[in-house]
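Source file: work08.pdb. Holds: PDB, C-alpha atoms.
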ATOM      1  CA  MET A   1     -12.265   7.342 -16.189
ATOM      2  CA  GLY A   2     -14.899   5.293 -17.966
ATOM      3  CA  GLY A   3     -15.833   1.884 -16.703
ATOM      4  CA  LEU A   4     -15.656   2.534 -12.970
ATOM      5  CA  PRO A   5     -18.947   2.545 -11.056
ATOM      6  CA  ALA A   6     -20.162   6.129 -10.873
ATOM      7  CA  SER A   7     -20.244   8.042  -7.609
ATOM      8  CA  LYS A   8     -18.579   5.316  -5.607
ATOM      9  CA  THR A   9     -15.539   5.597  -3.389
ATOM     10  CA  VAL A  10     -12.273   4.370  -4.856
ATOM     11  CA  TYR A  11     -10.378   3.114  -1.819
ATOM     12  CA  ALA A  12      -7.255   1.888  -3.565
ATOM     13  CA  PHE A  13      -5.250   2.810  -6.622
ATOM     14  CA  ALA A  14      -1.996   1.551  -8.109
ATOM     15  CA  ALA A  15      -0.163   2.206 -11.366
ATOM     16  CA  SER A  16       2.771   0.183 -12.606
ATOM     17  CA  ALA A  17       6.207   1.766 -12.400
ATOM     18  CA  THR A  18       7.326  -0.135 -15.501
ATOM     19  CA  ASP A  19       4.105   0.048 -17.532
ATOM     20  CA  PRO A  20       2.448   3.320 -16.464
ATOM     21  CA  LYS A  21      -0.769   2.816 -18.419
ATOM     22  CA  LEU A  22      -1.423  -0.332 -16.394
ATOM     23  CA  MET A  23      -3.557   0.560 -13.380
ATOM     24  CA  PHE A  24      -5.705  -1.112 -10.747
ATOM     25  CA  ALA A  25      -8.463   0.404  -8.649
ATOM     26  CA  GLY A  26     -10.141  -1.020  -5.569
ATOM     27  CA  LEU A  27     -13.750  -0.388  -4.560
ATOM     28  CA  ARG A  28     -16.265  -2.052  -2.263
ATOM     29  CA  ASP A  29     -17.583  -3.666  -5.458
ATOM     30  CA  GLY A  30     -14.222  -5.310  -6.114
ATOM     31  CA  GLY A  31     -11.138  -4.764  -8.221
ATOM     32  CA  PHE A  32     -10.880  -3.006 -11.585
ATOM     33  CA  LYS A  33      -8.102  -2.811 -14.173
ATOM     34  CA  SER A  34      -7.200  -0.318 -16.857
ATOM     35  CA  THR A  35      -4.535  -0.731 -19.499
ATOM     36  CA  HIS A  36      -5.281   2.700 -20.946
ATOM     37  CA  GLY A  37      -3.944   5.025 -18.285
ATOM     38  CA  GLY A  38      -7.211   5.259 -16.407
ATOM     39  CA  GLY A  39      -9.685   4.824 -19.257
ATOM     40  CA  ASN A  40     -11.790   1.814 -20.146
ATOM     41  CA  TRP A  41     -11.773   0.163 -16.729
ATOM     42  CA  LYS A  42     -12.710  -3.520 -16.640
ATOM     43  CA  LYS A  43     -13.999  -5.338 -13.571
ATOM     44  CA  LEU A  44     -11.827  -8.183 -12.354
ATOM     45  CA  ASN A  45     -14.400 -10.903 -11.974
ATOM     46  CA  THR A  46     -12.396 -13.114  -9.651
ATOM     47  CA  ALA A  47     -11.104 -10.375  -7.352
ATOM     48  CA  PRO A  48     -12.559 -10.143  -3.839
ATOM     49  CA  LYS A  49     -14.883  -7.349  -2.784
ATOM     50  CA  ASP A  50     -14.173  -4.656  -0.186
ATOM     51  CA  VAL A  51     -10.786  -3.792  -1.643
ATOM     52  CA  ALA A  52      -8.849  -1.450   0.627
ATOM     53  CA  ALA A  53      -5.343  -1.492  -0.837
ATOM     54  CA  ILE A  54      -3.552  -2.551  -4.009
ATOM     55  CA  THR A  55       0.109  -2.613  -4.919
ATOM     56  CA  ILE A  56       1.908  -3.735  -8.055
ATOM     57  CA  HIS A  57       5.272  -5.451  -7.852
ATOM     58  CA  PRO A  58       7.947  -2.871  -8.734
ATOM     59  CA  THR A  59       9.622  -4.977 -11.432
ATOM     60  CA  LYS A  60       6.967  -7.592 -12.322
ATOM     61  CA  PRO A  61       3.805  -5.763 -13.386
ATOM     62  CA  GLU A  62       1.893  -9.025 -13.702
ATOM     63  CA  VAL A  63       2.270  -9.570  -9.954
ATOM     64  CA  VAL A  64      -0.307  -7.663  -7.930
ATOM     65  CA  PHE A  65      -1.197  -7.749  -4.230
ATOM     66  CA  LEU A  66      -4.620  -6.764  -2.997
ATOM     67  CA  GLY A  67      -5.809  -6.253   0.569
ATOM     68  CA  THR A  68      -9.397  -6.201   1.755
ATOM     69  CA  ALA A  69     -10.819  -3.991   4.456
ATOM     70  CA  ARG A  70     -10.953  -6.998   6.780
ATOM     71  CA  GLY A  71      -7.274  -7.743   6.424
ATOM     72  CA  LYS A  72      -7.245 -10.518   3.853
ATOM     73  CA  ILE A  73      -4.349 -10.409   1.413
ATOM     74  CA  PHE A  74      -4.555 -11.804  -2.115
ATOM     75  CA  LYS A  75      -1.917 -12.225  -4.816
ATOM     76  CA  SER A  76      -2.281 -12.377  -8.578
ATOM     77  CA  THR A  77       0.516 -13.524 -10.857
ATOM     78  CA  ASP A  78      -1.411 -13.010 -14.088
ATOM     79  CA  GLY A  79      -2.261  -9.343 -14.006
ATOM     80  CA  GLY A  80      -5.431  -9.711 -11.971
ATOM     81  CA  GLN A  81      -7.134 -12.524 -13.864
ATOM     82  CA  SER A  82      -6.920 -14.889 -10.910
ATOM     83  CA  TRP A  83      -6.222 -14.373  -7.206
ATOM     84  CA  ARG A  84      -4.838 -16.570  -4.461
ATOM     85  CA  ARG A  85      -5.521 -15.832  -0.827
ATOM     86  CA  GLN A  86      -2.283 -15.437   1.078
ATOM     87  CA  ASN A  87      -3.407 -15.369   4.731
TER
ATOM     88  CA  MET B   1      10.359 -49.447  27.396
ATOM     89  CA  LEU B   2      11.438 -48.864  23.859
ATOM     90  CA  GLY B   3       7.970 -49.737  22.639
ATOM     91  CA  ARG B   4       6.375 -47.193  24.987
ATOM     92  CA  SER B   5       8.785 -44.477  23.842
ATOM     93  CA  CYS B   6       7.949 -45.251  20.253
ATOM     94  CA  ARG B   7       4.224 -45.002  21.015
ATOM     95  CA  VAL B   8       4.748 -41.652  22.737
ATOM     96  CA  LEU B   9       6.770 -40.410  19.805
ATOM     97  CA  SER B  10       4.187 -41.720  17.370
ATOM     98  CA  VAL B  11       1.397 -39.912  19.217
ATOM     99  CA  ALA B  12       3.457 -36.717  19.264
ATOM    100  CA  ALA B  13       4.240 -37.041  15.560
ATOM    101  CA  LEU B  14       0.578 -37.671  14.786
ATOM    102  CA  ALA B  15      -0.462 -34.601  16.806
ATOM    103  CA  LEU B  16       2.136 -32.511  14.973
ATOM    104  CA  ALA B  17       0.991 -33.803  11.604
ATOM    105  CA  ILE B  18      -2.646 -33.024  12.437
ATOM    106  CA  SER B  19      -1.774 -29.526  13.647
ATOM    107  CA  LEU B  20       0.217 -28.846  10.476
ATOM    108  CA  ALA B  21      -2.526 -30.265   8.296
ATOM    109  CA  PHE B  22      -5.104 -27.938   9.831
ATOM    110  CA  ALA B  23      -2.885 -24.896  10.257
ATOM    111  CA  LEU B  24      -3.980 -21.939   8.229
ATOM    112  CA  PRO B  25      -1.635 -19.672   6.295
ATOM    113  CA  GLY B  26      -0.407 -16.835   8.483
ATOM    114  CA  GLN B  27      -0.821 -18.866  11.673
ATOM    115  CA  ALA B  28       2.852 -19.324  12.454
ATOM    116  CA  ALA B  29       4.003 -19.123  16.050
ATOM    117  CA  GLY B  30       4.041 -15.642  17.491
ATOM    118  CA  MET B  31       2.135 -14.096  14.627
ATOM    119  CA  ALA B  32      -1.442 -12.964  14.939
ATOM    120  CA  ARG B  33      -3.703 -14.328  12.236
ATOM    121  CA  ASP B  34      -6.082 -11.389  12.248
ATOM    122  CA  ILE B  35      -4.312  -8.207  11.211
ATOM    123  CA  GLY B  36      -7.548  -6.239  11.377
ATOM    124  CA  HIS B  37      -8.671  -3.392   9.195
ATOM    125  CA  LEU B  38      -6.187  -2.911   6.359
ATOM    126  CA  HIS B  39      -5.314   0.398   4.755
ATOM    127  CA  ALA B  40      -2.138   0.085   2.680
ATOM    128  CA  LEU B  41       0.210  -2.347   0.920
ATOM    129  CA  LEU B  42       3.650  -1.894  -0.594
ATOM    130  CA  VAL B  43       6.202  -4.259  -2.138
ATOM    131  CA  SER B  44       9.745  -3.178  -1.346
ATOM    132  CA  PRO B  45      12.061  -3.254  -4.366
ATOM    133  CA  ALA B  46      14.957  -3.775  -1.965
ATOM    134  CA  ASP B  47      14.044  -7.306  -0.916
ATOM    135  CA  GLY B  48      10.519  -8.046  -2.139
ATOM    136  CA  SER B  49       9.065  -7.818   1.352
ATOM    137  CA  LEU B  50       5.450  -6.752   1.692
ATOM    138  CA  TRP B  51       4.620  -3.818   3.970
ATOM    139  CA  ILE B  52       1.112  -3.776   5.429
ATOM    140  CA  GLY B  53      -0.516  -0.776   7.081
ATOM    141  CA  THR B  54      -3.546  -1.451   9.266
ATOM    142  CA  HIS B  55      -5.782   0.261  11.780
ATOM    143  CA  ASN B  56      -3.641  -0.882  14.686
ATOM    144  CA  ALA B  57      -0.150  -1.611  13.477
ATOM    145  CA  LEU B  58       2.450  -1.705  10.797
ATOM    146  CA  TYR B  59       3.515  -5.150   9.608
ATOM    147  CA  ARG B  60       6.138  -6.609   7.326
ATOM    148  CA  SER B  61       5.895  -9.939   5.538
ATOM    149  CA  ASN B  62       8.801 -11.826   4.022
ATOM    150  CA  ASP B  63       6.620 -14.488   2.405
ATOM    151  CA  GLU B  64       4.189 -12.393   0.369
ATOM    152  CA  GLY B  65       1.599 -11.966   3.077
ATOM    153  CA  LYS B  66       1.349 -15.497   4.446
ATOM    154  CA  THR B  67       2.954 -14.524   7.741
ATOM    155  CA  TRP B  68       3.792 -11.101   9.057
ATOM    156  CA  HIS B  69       5.797  -9.433  11.748
ATOM    157  CA  PRO B  70       4.847  -6.253  13.604
ATOM    158  CA  VAL B  71       7.159  -3.332  12.917
ATOM    159  CA  LYS B  72       8.002  -1.571  16.159
ATOM    160  CA  ILE B  73       7.125   2.088  16.178
ATOM    161  CA  PRO B  74       8.431   4.075  19.170
ATOM    162  CA  ASN B  75       5.755   4.746  21.763
ATOM    163  CA  ASP B  76       6.519   8.446  21.811
ATOM    164  CA  LEU B  77       5.344   8.717  18.212
ATOM    165  CA  GLY B  78       1.946   7.386  19.314
ATOM    166  CA  ALA B  79       0.876   6.566  15.789
ATOM    167  CA  MET B  80      -2.303   4.739  14.857
ATOM    168  CA  ASP B  81      -4.016   3.948  11.566
ATOM    169  CA  PHE B  82      -1.166   3.475   9.115
ATOM    170  CA  MET B  83      -2.865   4.847   6.019
ATOM    171  CA  SER B  84      -0.322   4.979   3.186
ATOM    172  CA  PHE B  85       3.254   4.223   2.127
ATOM    173  CA  VAL B  86       5.788   5.639  -0.244
ATOM    174  CA  LEU B  87       9.425   4.721  -0.837
ATOM    175  CA  GLU B  88      12.282   7.053  -1.633
ATOM    176  CA  PRO B  89      13.031   6.227  -5.288
ATOM    177  CA  ALA B  90      16.800   6.383  -4.914
ATOM    178  CA  ASN B  91      16.920   4.478  -1.635
ATOM    179  CA  PRO B  92      14.311   1.834  -0.757
ATOM    180  CA  ASN B  93      15.526   1.793   2.834
ATOM    181  CA  ILE B  94      13.843   5.165   3.200
ATOM    182  CA  LEU B  95      10.117   4.666   3.715
ATOM    183  CA  TYR B  96       7.484   7.266   4.525
ATOM    184  CA  VAL B  97       4.230   6.281   6.235
ATOM    185  CA  GLY B  98       1.142   8.445   6.427
ATOM    186  CA  THR B  99      -0.792   8.062   9.684
ATOM    187  CA  HIS B 100      -4.227   9.025  10.886
ATOM    188  CA  ASN B 101      -3.063  10.985  13.908
ATOM    189  CA  ARG B 102       0.661  11.707  13.756
ATOM    190  CA  GLY B 103       1.351  13.029  10.275
ATOM    191  CA  VAL B 104       4.151  11.363   8.345
ATOM    192  CA  LEU B 105       6.671   8.962   9.882
ATOM    193  CA  ARG B 106       9.967   8.142   8.210
ATOM    194  CA  THR B 107      12.516   5.384   8.508
ATOM    195  CA  THR B 108      15.904   5.654   6.816
ATOM    196  CA  ASP B 109      17.136   2.182   7.735
ATOM    197  CA  GLY B 110      14.465  -0.110   6.384
ATOM    198  CA  GLY B 111      12.217   0.069   9.426
ATOM    199  CA  GLU B 112      14.671  -0.300  12.310
ATOM    200  CA  THR B 113      14.234   3.250  13.570
ATOM    201  CA  TRP B 114      11.520   5.838  13.015
ATOM    202  CA  GLY B 115      11.026   9.545  13.405
ATOM    203  CA  SER B 116       8.442  12.182  12.655
ATOM    204  CA  PHE B 117       8.615  13.820   9.228
ATOM    205  CA  SER B 118       5.739  16.255   9.536
ATOM    206  CA  ALA B 119       7.223  19.735   9.681
ATOM    207  CA  GLY B 120       5.007  22.133   7.760
ATOM    208  CA  LEU B 121       1.981  19.835   7.420
ATOM    209  CA  GLY B 122      -1.307  21.546   8.179
ATOM    210  CA  GLY B 123      -2.846  18.555   9.924
ATOM    211  CA  PRO B 124      -2.040  15.139  11.400
ATOM    212  CA  ASP B 125      -4.351  12.952   9.279
ATOM    213  CA  ILE B 126      -2.429  11.885   6.166
ATOM    214  CA  HIS B 127      -4.583   9.692   3.975
ATOM    215  CA  ALA B 128      -2.244   9.479   1.021
ATOM    216  CA  LEU B 129       1.389   9.827  -0.045
ATOM    217  CA  ALA B 130       3.060   9.825  -3.459
ATOM    218  CA  VAL B 131       6.487  10.430  -4.923
ATOM    219  CA  ASP B 132       7.717  11.573  -8.316
ATOM    220  CA  GLY B 133      11.311  10.560  -8.890
ATOM    221  CA  TYR B 134      10.999   9.817 -12.570
ATOM    222  CA  ASN B 135      12.806  12.872 -13.894
ATOM    223  CA  ALA B 136      16.466  12.960 -12.901
ATOM    224  CA  ALA B 137      16.727  16.518 -14.189
ATOM    225  CA  GLN B 138      14.384  17.859 -11.517
ATOM    226  CA  PRO B 139      14.241  17.496  -7.728
ATOM    227  CA  ARG B 140      12.317  14.536  -6.387
ATOM    228  CA  ARG B 141       8.744  15.532  -5.458
ATOM    229  CA  LEU B 142       7.104  14.030  -2.402
ATOM    230  CA  TYR B 143       3.359  14.552  -1.930
ATOM    231  CA  ALA B 144       1.062  14.201   1.081
ATOM    232  CA  PHE B 145      -2.666  14.741   1.293
ATOM    233  CA  ALA B 146      -3.763  16.028   4.711
ATOM    234  CA  VAL B 147      -7.465  15.551   5.424
ATOM    235  CA  ASP B 148      -9.334  18.883   5.437
ATOM    236  CA  LYS B 149      -6.035  20.708   4.810
ATOM    237  CA  GLY B 150      -5.110  19.894   1.224
ATOM    238  CA  LEU B 151      -2.150  18.779  -0.821
ATOM    239  CA  TYR B 152       1.413  19.296   0.443
ATOM    240  CA  ARG B 153       4.746  18.790  -1.281
ATOM    241  CA  ILE B 154       8.459  18.550  -0.558
ATOM    242  CA  LEU B 155      10.981  19.205  -3.297
ATOM    243  CA  GLY B 156      14.392  17.555  -3.263
ATOM    244  CA  ASP B 157      16.230  16.919  -0.022
ATOM    245  CA  THR B 158      14.427  19.521   2.054
ATOM    246  CA  SER B 159      12.384  18.319   5.010
ATOM    247  CA  GLU B 160       9.584  20.861   5.345
ATOM    248  CA  TRP B 161       6.246  20.384   3.653
ATOM    249  CA  LYS B 162       4.759  23.267   1.667
ATOM    250  CA  ARG B 163       1.075  23.516   0.904
ATOM    251  CA  VAL B 164       0.282  23.265  -2.839
ATOM    252  CA  ASP B 165      -3.505  23.632  -3.006
ATOM    253  CA  ASP B 166      -6.783  22.032  -1.918
ATOM    254  CA  GLY B 167      -6.076  18.918  -3.966
ATOM    255  CA  PRO B 168      -8.633  17.243  -6.247
ATOM    256  CA  ASP B 169     -12.181  18.504  -6.684
ATOM    257  CA  ASN B 170     -13.407  15.737  -4.423
ATOM    258  CA  PRO B 171     -11.410  16.258  -1.233
ATOM    259  CA  ASP B 172     -12.103  12.807   0.221
ATOM    260  CA  VAL B 173      -8.769  11.423  -0.992
ATOM    261  CA  ARG B 174      -8.036   7.732  -0.391
ATOM    262  CA  ALA B 175      -4.870   7.257  -2.448
ATOM    263  CA  LEU B 176      -2.350   9.264  -4.448
ATOM    264  CA  GLN B 177       0.185   8.154  -7.020
ATOM    265  CA  THR B 178       2.365   9.839  -9.586
ATOM    266  CA  VAL B 179       2.104   8.093 -12.945
ATOM    267  CA  ASN B 180       4.850   8.345 -15.515
ATOM    268  CA  ILE B 181       2.576   9.415 -18.369
ATOM    269  CA  PRO B 182       3.771  12.674 -19.998
ATOM    270  CA  THR B 183       1.366  15.581 -19.739
ATOM    271  CA  GLY B 184       2.809  17.273 -22.828
ATOM    272  CA  MET B 185       3.810  20.193 -20.631
ATOM    273  CA  GLY B 186       7.061  18.803 -19.351
ATOM    274  CA  GLY B 187       5.708  16.790 -16.456
ATOM    275  CA  ILE B 188       3.723  13.727 -15.576
ATOM    276  CA  PHE B 189       0.378  13.161 -13.856
ATOM    277  CA  LEU B 190      -0.589  12.899 -10.213
ATOM    278  CA  TYR B 191      -3.590  10.579  -9.783
ATOM    279  CA  ALA B 192      -5.956  10.694  -6.819
ATOM    280  CA  ALA B 193      -8.485   8.058  -5.797
ATOM    281  CA  THR B 194     -11.399   9.681  -3.971
ATOM    282  CA  SER B 195     -14.944   9.055  -2.803
ATOM    283  CA  GLY B 196     -16.035  10.490  -6.136
ATOM    284  CA  GLY B 197     -13.834   8.461  -8.443
ATOM    285  CA  ILE B 198     -10.337   8.987  -9.833
ATOM    286  CA  PHE B 199      -8.931  12.420 -10.666
ATOM    287  CA  ARG B 200      -5.635  13.368 -12.231
ATOM    288  CA  SER B 201      -3.651  16.586 -12.317
ATOM    289  CA  PRO B 202      -0.450  17.583 -14.133
ATOM    290  CA  ASP B 203       2.471  17.115 -11.754
ATOM    291  CA  CYS B 204       4.322  20.143 -13.115
ATOM    292  CA  PHE B 205       3.168  23.095 -11.081
TER
END
Produce structure tokens that represent the structure in this file.
Amino acid sequence: MGGLPASKTVYAFAASATDPKLMFAGLRDGGFKSTHGGGNWKKLNTAPKDVAAITIHPTKPEVVFLGTARGKIFKSTDGGQSWRRQN
Amino acid sequence: MLGRSCRVLSVAALALAISLAFALPGQAAGMARDIGHLHALLVSPADGSLWIGTHNALYRSNDEGKTWHPVKIPNDLGAMDFMSFVLEPANPNILYVGTHNRGVLRTTDGGETWGSFSAGLGGPDIHALAVDGYNAAQPRRLYAFAVDKGLYRILGDTSEWKRVDDGPDNPDVRALQTVNIPTGMGGIFLYAATSGGIFRSPDCF
């Protein structure tokens, strides 16, 4: 699972139902994305920190929702490149 | 008289415009802005609604998280800390929710009514749920991770959990998901997010 910070808690995880090698992980450090089934994770530079939950839209894998531990919800429509706060 | 009425209306309209201009997303009438500590999110394939599990309540949003409505859970279930979600693959009106203190709850009507779905679980603290409904040739597999108790599974339409094993090497599991990547042994993988990173195990035992 290269690319994720070592020895840190992964609070959230989501894999796409339509593109199973597409995955997102949420840590206190922020959001991470893999397009290799859990290898070669890349940090999402514009994602918020303290990620507590992630879900991928069931039919639109480019649409991702992210929730922080403090209850803020964010949406991405470009596969995690940019995020818009929803609440 | 007409002029005074117009002034009153103008003041009211101005106040309304100011309140709308400064209103924050999620601040609609009757909806709390602060949903508190968040644990879980899920987009329903049935209608695109967003389910939100928090420390205190279960919410549902019909506008992608801008506003949300509490989902009523019967008092006798006494659930708190809604930790995880999973949908029945063949019927998105069936939703399972893992809780911190009352095992697994289930609704079969899209959230209108709820009941306990915990028979056979070794403990009440369910941090993670997952489902494998990818292979039509085999029974649907439903997974639950019970804190300090291990990994449990239900096959097909039965309703009693059976213990599988201790779960991943790091037992501090925060999320589970089956991933439709073939193992080469006739199954797919079960992924677990933990306090020590991400683990995966063949979902074919």
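Residue list for chain A within 7 Å of chain B: A:Met1, A:Ser7, A:Lys8, A:Thr9, A:Val10, A:Tyr11, A:Ala12, A:Phe13, A:Ala15, A:Pro20, A:Ala52, A:Ala53, A:Ile54, A:Thr55, A:His57, A:Pro58, A:Gly67, A:Thr68, A:Ala69, A:Arg70, A:Gly71, A:Ile73, A:Gln86, A:Asn87, counting only C-alpha atoms.
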So, with all atoms listed in the file as the atoms that count, which of B:Leu58, B:Ile73, B:Val164, B:Val86 lies closest to Asp132 (chain B)? B:Val86
I would like the residues chosen by the PyMOL selection byres ((chain A and resi 81) around 12) on the shown file; could you give them as a ChimeraX atom specification? /A:24,31-33,42-48,62-64,75-80,82-84
Please identify all polymer residues lying at most 12 Å from the point (14.4, 5.3, -3.0) (file coordinates), using all atoms listed in the file, and present the result as number ranges by chain. A: 58; B: 44-46, 86-96, 107-110, 131-134, 140-142
Between CA of Asn56 (chain B) and CA of Gly150 (chain B), distance in Å (one decimal): 24.8 Å
Near Ser16 (chain A), counting all atoms listed in the file, which residues have an atom at most 7 Å away, once you skip same-chain residues fewer than 5 positions from it, shown as an mmCIF file with C-alpha atoms, in the frame of the given file?
data_model
loop_
_atom_site.group_PDB
_atom_site.id
_atom_site.type_symbol
_atom_site.label_atom_id
_atom_site.label_comp_id
_atom_site.auth_asym_id
_atom_site.auth_seq_id
_atom_site.Cartn_x
_atom_site.Cartn_y
_atom_site.Cartn_z
ATOM 1 C CA LEU A 22 -1.423 -0.332 -16.394
ATOM 2 C CA MET A 23 -3.557 0.560 -13.380
ATOM 3 C CA ILE A 56 1.908 -3.735 -8.055
ATOM 4 C CA PRO A 61 3.805 -5.763 -13.386
#
In Å, with one decimal, what is the gap from CA of Ile126 (chain B) to CA of Gly103 (chain B)? 5.7 Å
Picked residues, the PyMOL selection byres ((chain B and resi 98-100) around 8), expected as an MDAnalysis selection string: chainID B and resid 79:85 96:97 101:105 124:129 144
